[in-house]
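Report on the following structure.
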Amino acid sequence: MNVANLALQQTPPLSVPLRFFLTAPLFGLFACSLLMYYGPPILLNRWNFATLALTHSLTLGVMTMVMMGALLQLLPVLAGVTIPKPKWVSTFLHALLTTGTLSLTLGFMLNYSLYLTIGLVLLSLTFILFFAIIGYCLIKVVHSHITIAMRLAVFSLFICVSLGLILLLFLTQYTTVFDPAIFTNLHLIWGLIGWAALLITGIAYQVVPMFQITPQYPQLITRWLVPALFISLLLFTLSNLTGYFTSITTILLSLELSLFALITLSIQKRRLRKLPDVTLNFWRFGMIHLLLSILLSTLTLIWQPLATKAFYPTLLGILFIGGFILPVIQGMLYKIVPFLIWLHLQNQQLNVLNPIQLVKIPNMKQVILDKQARYQFWIYVSGFILLIAAIWITDLLYISTTLLIISFSGLAYNLYKATWIYHSTSRQLHEAKS
C-alpha cells in the first residue's frame with residue numbers, strides 16, 4: 001500500500017469522518033423500511049412522494065453522508081490543508097444533514113409542507129456551512145488532478161442543491177413559475193453524475209491504486225476526464241433547457257463515464273497482488289452496472305419509446321444508484337475505515353514510552369474480517385438482482401428488501417464492530433501510557 005503522497009500527519013480526529021460513515025447504513029435501513037412499507041407501488045412512479053422519500057434517503061442519507069465525511073477526511077490528507085475546528089464542523093454538519101434528511105423524507109412520506117419547509121431550512125444550513133468550509137479549504141490547496149475533481153464535484157453539488165431548493169420551494173407552493181420536470185431531471189443529473197460520479201472518479205485516482213495495488217490511471221485520463229465530464233454536464237444542461245443537441249450531449253456523457261469504468265476494470269485486472277479482495281468485488285460490480293446504466297440510457301436514442309415505458313426510470317435509477325454508487329461507496333468504506341482505525345491506533349502507540357507495555361495493534365484485515373465483508377457483499381448482490389426482477393414480478397420485492405435489510409445490517413455491524421475494536425484497543429493504549 002503506497003502512502004507516500006499522503007500527508008498522514010494532517011489526518012483529522014477519527015470522529016470527524018466516522019460519525020458520517022456510521023450513520024450511512026442506518027439510512028440504508030430506513031430506505032429499505034420504506035420499500036417494505038409501501039410495497040410494489042413505490043417502484044411504479046418516479047413522481048410518487050414515497051419514491052421521492054426513498055430516493056432522498058439514499059442520495060442524502062447514504063451517498064452524501066459518506067461523501068461528505070470522506071471529503072472532511074481526504075482534504076487534509078490528500079491536499080495538506082487543515083479544516084478549521086474539524087470536530088465542531090463535523091458535529092454541526094452531521095447533525096444538520098441527519099435531521100434535514102429525516103425532515104425532508106418525512107415531508108415526502110406524509111405530503112406535509114411543514115416538514116418539507118423544515119427540511120428546506122435545515123438542508124440549506126447544512127450546505128451553506130459545507131460550501132463555506134470546503135470552499136475555503138479548496139481555494140487554499142495546491143492544484144492536483146484529485147483536488148480539481150473535488151472542486152468540480154463540490155461545485156456540481158452546489159448546482160444540484162440550488163435546483164433542489166427551487167423544487168422544494170415549488171412543492172411548498174412558494175413559487176410556481178417554472179416547469180418542475182426539467183428542473184427535476186437536471187437536479188438528478190447534477191447530483192448523480194456531477195456530485196457522485198465526479199467525486200468517485202477523483203477519489204478513485206488515489207484509492208484504487210493505493211488499496212487495490214493496481215497500476216496508476218493513465219496521466220491523460222487523470223488530467224482531462226473530470227474536466228471533460230464537467231463541461232459535458234454544462235452542455236447537457238444547456239441542451240435540455242433549449243431543446244437542442246440533447247442526443248449529442250447524452251452521447252458525450254455516456255462515452256466519458258464508460259471510459260472511466262473500462263479503464264478502472266482494466267487496471268484492476270492488472271493488479272500486482274492477486275489475493276482475493278472483497279472491496280475489488282464491490283468496485284467491479286459498480287463499474288459493470290455503471291456500464292449497464294449507460295447502455296440503457298443510450299438505448300433511448302435508438303429506440304425512443306423505451307423512455308416512455310413505466311419501468312425505464314425505475315430500472316435506470318436502480319442500476320445507477322443501487323448498482324454503481326452504493327457498491328463503490330461500500331467498497332471504499334471497507335478500506336478507508338480499517339485504514340483510519342489502524343492509523344490512529346499506530347499514532348497512539350507511539351506515545352507509549354515503556355516497550356514492555358506495548359499493546360498489539362490489530363491490522364486492517366483484523367479490524368473488519370474479509371469473510372464478514374464478503375458475506376455482506378453477496379447478500380447485497382442477491383437483494384439487488386431480485387429488486388430489479390421485482391419491477392416485473394412484484395412479489396419478489398419483499399424478498400429483495402429482506403435481503404437488503406440484512407445487507408445494510410451487516411454493513412452497520414461491521415462498521416460498528418470496527419469502532420468497538422478501536423475504542424477497546426485505544427483504552428488499552430491509554431492504560432499502558434498512564
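Residue numbers start at 1 in each chain; chains themselves are named A, B, ... in the order of the C-alpha cells; ligands are numbered from 1 in the order shown.
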With a cut-off of 12 Å, could you pull out the residues of region 182-236 of chain A touching region 312-319 of chain A and give me the nearest pair of atoms for each, distance in Å to one decimal, using only C-alpha atoms, ordered by chain and ascending number, as a Markdown table?
```
| residue | atom | partner | partner_atom | distance |
| --- | --- | --- | --- | --- |
| A:Asn185 | CA | A:Pro313 | CA | 10.8 |
| A:Leu188 | CA | A:Gly317 | CA | 9.9 |
| A:Ile189 | CA | A:Gly317 | CA | 11.1 |
| A:Leu192 | CA | A:Gly317 | CA | 9.7 |
```
File of the preceding selection, C-alpha atoms, as a PDB file, in the first residue's frame:
```pdb
ATOM      1  CA  ASN A 185     -34.101  15.896 -14.383  1.00  0.00           C
ATOM      2  CA  LEU A 188     -30.850  14.338 -10.693  1.00  0.00           C
ATOM      3  CA  ILE A 189     -28.102  14.619 -13.297  1.00  0.00           C
ATOM      4  CA  LEU A 192     -25.754  11.638  -9.515  1.00  0.00           C
TER       5      LEU A 192
END
```
Residue contacts of Gln9 (chain A) (10 Å, only C-alpha atoms) excluding same-chain residues fewer than 5 positions away, as an mmCIF file with N, CA and C atoms, in the first residue's frame:
```
data_model
loop_
_atom_site.group_PDB
_atom_site.id
_atom_site.type_symbol
_atom_site.label_atom_id
_atom_site.label_comp_id
_atom_site.auth_asym_id
_atom_site.auth_seq_id
_atom_site.Cartn_x
_atom_site.Cartn_y
_atom_site.Cartn_z
ATOM 1 N N PRO A 76 -7.560 17.145 4.168
ATOM 2 C CA PRO A 76 -6.285 17.352 4.883
ATOM 3 C C PRO A 76 -5.194 16.381 4.453
ATOM 4 N N VAL A 77 -5.584 15.110 4.174
ATOM 5 C CA VAL A 77 -4.592 14.073 3.885
ATOM 6 C C VAL A 77 -4.060 14.186 2.460
ATOM 7 N N GLY A 80 -3.287 18.420 2.117
ATOM 8 C CA GLY A 80 -2.462 19.039 3.142
ATOM 9 C C GLY A 80 -3.034 20.314 3.735
ATOM 10 N N ASN A 347 -0.636 5.817 15.765
ATOM 11 C CA ASN A 347 -0.196 7.101 16.317
ATOM 12 C C ASN A 347 -0.276 7.102 17.842
#
```
**All alpha helix (DSSP H) residues (DSSP, backbone) inside region 60-249 of chain A, as a ChimeraX atom specification** = /A:65-79,86-110,113-140,145-171,180-189,198-212,219-242,246-249
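Considering only C-alpha atoms, the residue among A:Ala310, A:Leu241, A:Leu369, A:Leu116 positioned nearest to Pro338 (chain A) is A:Leu369.
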Would you mind listing, for every residue of region 59-108 of chain A within 9 Å of region 320-330 of chain A, the two atoms forming the shortest contact and the distance between them in Å to one decimal, using only C-alpha atoms, sorted by chain and ascending residue number, as CSV?
```
residue,atom,partner,partner_atom,distance
A:Thr59,CA,A:Ile321,CA,8.1
A:Val62,CA,A:Leu326,CA,8.0
A:Met63,CA,A:Leu326,CA,7.1
A:Val66,CA,A:Ile329,CA,7.4
A:Met67,CA,A:Ile329,CA,8.3
```
Keeping only C-alpha atoms, write the selected residues to a file as a compact mmCIF listing (two decimals), in the first residue's frame.
```txt
# COMPACT_ATOMS: atom_id res chain seq x y z
CA THR A 59 -28.88 10.07 -2.06
CA VAL A 62 -26.26 7.28 2.40
CA MET A 63 -24.45 8.76 -0.61
CA VAL A 66 -20.45 9.11 3.20
CA MET A 67 -19.05 11.52 0.61
```
**Best match for closeness to Arg273 (chain A) among A:Pro209, A:Thr298, A:Ile134, A:Glu256, counting only C-alpha atoms** = A:Pro209
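Rounded to one decimal, CA of Ala418 (chain A) and CA of Met68 (chain A) lie 20.2 Å from each other.
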**Message:** as a PyMOL selection string, please: the residues near region 274-285 of chain A (cut-off 7 Å, only C-alpha atoms, same-chain neighbours under 6 positions excluded).
**Reply:** chain A and resi 265+327-328+331+334+370+373-374
**Message:** Just want the 8 Å neighbourhood of Ile146 (chain A), counted on only C-alpha atoms, with same-chain residues fewer than 6 positions away dropped. Output as a PyMOL selection string.
**Reply:** chain A and resi 202-203+205-206
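Closest approach to Phe339 (chain A) from the set A:Leu52, A:Ile388, A:Met210, A:Met65 is made by A:Met210, with distances taken over only C-alpha atoms.
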**Request:** Can you pull out every residue within 12 Å of Arg19 (chain A), counting only C-alpha atoms, but drop anything in the same chain fewer than 4 positions away, and send it as a VMD selection string?
**Result:** chain A and resid 13 to 15 23 to 26 65 to 66 68 to 70 72 to 73 87 89 to 95 97 to 98 337 415 to 416 419
Could you turn the residues from that selection into a file that holds N, CA and C atoms, as a short mmCIF file (atom, residue, chain, number, x, y, z; two decimals), in the first residue's frame?
```
data_model
loop_
_atom_site.label_atom_id
_atom_site.label_comp_id
_atom_site.auth_asym_id
_atom_site.auth_seq_id
_atom_site.Cartn_x
_atom_site.Cartn_y
_atom_site.Cartn_z
N PRO A 13 -9.18 14.16 13.61
CA PRO A 13 -9.61 13.14 14.59
C PRO A 13 -10.54 12.11 13.94
N LEU A 14 -10.48 10.89 14.41
CA LEU A 14 -11.24 9.80 13.81
C LEU A 14 -12.75 10.08 13.82
N SER A 15 -13.22 10.78 14.85
CA SER A 15 -14.66 11.04 14.96
C SER A 15 -15.17 11.93 13.82
N THR A 23 -23.45 6.54 10.26
CA THR A 23 -24.86 6.90 10.06
C THR A 23 -25.40 6.38 8.74
N ALA A 24 -24.53 6.28 7.72
CA ALA A 24 -24.98 5.93 6.37
C ALA A 24 -25.75 4.61 6.31
N PRO A 25 -25.26 3.50 6.90
CA PRO A 25 -26.03 2.25 6.80
C PRO A 25 -27.39 2.32 7.51
N LEU A 26 -27.52 3.21 8.50
CA LEU A 26 -28.82 3.37 9.17
C LEU A 26 -29.84 3.98 8.22
N MET A 65 -23.97 11.47 2.80
CA MET A 65 -23.45 11.29 4.15
C MET A 65 -22.02 10.75 4.10
N VAL A 66 -21.79 9.70 3.30
CA VAL A 66 -20.45 9.11 3.20
C VAL A 66 -19.49 10.06 2.50
N MET A 68 -19.57 13.32 2.18
CA MET A 68 -19.24 14.49 2.99
C MET A 68 -18.18 14.12 4.03
N GLY A 69 -18.37 12.98 4.68
CA GLY A 69 -17.37 12.52 5.65
C GLY A 69 -16.03 12.23 4.99
N ALA A 70 -16.08 11.65 3.78
CA ALA A 70 -14.84 11.33 3.06
C ALA A 70 -14.08 12.60 2.69
N LEU A 72 -14.16 15.50 4.30
CA LEU A 72 -13.57 16.07 5.52
C LEU A 72 -12.31 15.31 5.92
N GLN A 73 -12.26 14.01 5.60
CA GLN A 73 -11.07 13.21 5.88
C GLN A 73 -9.97 13.40 4.84
N LYS A 87 -13.70 19.05 14.62
CA LYS A 87 -14.70 18.36 15.43
C LYS A 87 -16.02 19.13 15.45
N VAL A 89 -17.03 21.44 13.26
CA VAL A 89 -17.58 21.48 11.91
C VAL A 89 -18.29 20.17 11.59
N SER A 90 -17.64 19.04 11.86
CA SER A 90 -18.24 17.74 11.53
C SER A 90 -19.48 17.47 12.37
N THR A 91 -19.46 17.91 13.63
CA THR A 91 -20.62 17.70 14.50
C THR A 91 -21.84 18.46 13.98
N PHE A 92 -21.65 19.74 13.65
CA PHE A 92 -22.77 20.55 13.15
C PHE A 92 -23.25 20.05 11.80
N LEU A 93 -22.31 19.75 10.89
CA LEU A 93 -22.70 19.25 9.57
C LEU A 93 -23.48 17.95 9.68
N HIS A 94 -22.99 17.05 10.50
CA HIS A 94 -23.64 15.75 10.65
C HIS A 94 -25.05 15.91 11.23
N ALA A 95 -25.17 16.73 12.27
CA ALA A 95 -26.48 16.93 12.90
C ALA A 95 -27.47 17.57 11.94
N LEU A 97 -27.32 17.62 8.55
CA LEU A 97 -27.62 16.73 7.42
C LEU A 97 -28.57 15.61 7.85
N THR A 98 -28.35 15.05 9.02
CA THR A 98 -29.19 13.96 9.50
C THR A 98 -30.63 14.43 9.73
N VAL A 337 -12.22 2.84 6.46
CA VAL A 337 -12.45 2.74 7.91
C VAL A 337 -11.36 1.89 8.58
N LEU A 415 -19.07 -2.05 10.57
CA LEU A 415 -18.52 -0.73 10.89
C LEU A 415 -18.55 -0.45 12.39
N TYR A 416 -19.64 -0.83 13.05
CA TYR A 416 -19.74 -0.58 14.50
C TYR A 416 -18.80 -1.50 15.27
N THR A 419 -15.45 0.03 15.08
CA THR A 419 -15.37 1.15 16.02
C THR A 419 -15.14 0.65 17.44
#
```
Residues at most 9 Å from Pro215 (chain A), counting only C-alpha atoms, excluding those fewer than 2 positions away in the same chain, as a PDB file with N, CA and C atoms, in the first residue's frame?
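Now in result31.pdb:
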```pdb
ATOM      1  N   VAL A 208      -7.891   3.526  -5.652  1.00  0.00           N
ATOM      2  CA  VAL A 208      -7.807   2.260  -6.391  1.00  0.00           C
ATOM      3  C   VAL A 208      -6.359   1.780  -6.482  1.00  0.00           C
ATOM      4  N   PRO A 209      -5.399   2.597  -6.965  1.00  0.00           N
ATOM      5  CA  PRO A 209      -4.006   2.124  -6.962  1.00  0.00           C
ATOM      6  C   PRO A 209      -3.456   1.870  -5.558  1.00  0.00           C
ATOM      7  N   ILE A 213      -3.711  -2.123  -5.128  1.00  0.00           N
ATOM      8  CA  ILE A 213      -2.378  -2.431  -5.669  1.00  0.00           C
ATOM      9  C   ILE A 213      -2.447  -2.604  -7.187  1.00  0.00           C
ATOM     10  N   TYR A 217      -3.770   5.190 -12.895  1.00  0.00           N
ATOM     11  CA  TYR A 217      -4.589   5.579 -14.047  1.00  0.00           C
ATOM     12  C   TYR A 217      -3.712   6.316 -15.052  1.00  0.00           C
ATOM     13  N   PRO A 218      -3.965   6.177 -16.357  1.00  0.00           N
ATOM     14  CA  PRO A 218      -3.179   6.913 -17.361  1.00  0.00           C
ATOM     15  C   PRO A 218      -3.222   8.420 -17.083  1.00  0.00           C
ATOM     16  N   ILE A 267      -7.303  -1.603 -15.190  1.00  0.00           N
ATOM     17  CA  ILE A 267      -6.165  -1.563 -14.260  1.00  0.00           C
ATOM     18  C   ILE A 267      -6.380  -2.529 -13.096  1.00  0.00           C
ATOM     19  N   GLN A 268      -7.635  -2.793 -12.739  1.00  0.00           N
ATOM     20  CA  GLN A 268      -7.898  -3.781 -11.691  1.00  0.00           C
ATOM     21  C   GLN A 268      -7.514  -5.181 -12.160  1.00  0.00           C
ATOM     22  N   ARG A 270      -5.063  -5.805 -13.971  1.00  0.00           N
ATOM     23  CA  ARG A 270      -3.598  -5.869 -13.963  1.00  0.00           C
ATOM     24  C   ARG A 270      -3.020  -5.584 -12.574  1.00  0.00           C
ATOM     25  N   ARG A 271      -3.828  -5.791 -11.540  1.00  0.00           N
ATOM     26  CA  ARG A 271      -3.346  -5.517 -10.185  1.00  0.00           C
ATOM     27  C   ARG A 271      -2.160  -6.412  -9.845  1.00  0.00           C
ATOM     28  N   LEU A 272      -1.253  -5.876  -9.030  1.00  0.00           N
ATOM     29  CA  LEU A 272       0.001  -6.557  -8.741  1.00  0.00           C
ATOM     30  C   LEU A 272      -0.180  -7.690  -7.743  1.00  0.00           C
TER      31      LEU A 272
END
```
**Complete:** Separating CA of Phe21 (chain A) from CA of Ala412 (chain A), to the nearest tenth of an Å, is a gap of 9.2 Å
**Request:** Just the residues within 10 Å of Leu29 (chain A), please, counting only C-alpha atoms, with nothing from its chain fewer than 6 positions along; format it as a PyMOL selection string.
**Result:** chain A and resi 35+57-58+62+401+404-409+412
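Across the model, the gap from CA of Val367 (chain A) to CA of Tyr380 (chain A) is 20.9 Å.
For the set A:Gly135, A:Pro40, A:Gly194, A:Gly286, the residue with the smallest atom-to-atom gap to Leu396 (chain A) is A:Pro40, counting only C-alpha atoms.
Comparing the minimum interatomic distances between Val359 (chain A) and each of A:Ala432, A:Leu75, A:Leu163, A:Ile336, counting only C-alpha atoms, we find that A:Ala432 sits nearest.
Using only C-alpha atoms, the nearest neighbour of Thr201 (chain A) within the list A:Leu252, A:Leu233, A:Leu306, A:Ala261 is A:Ala261.
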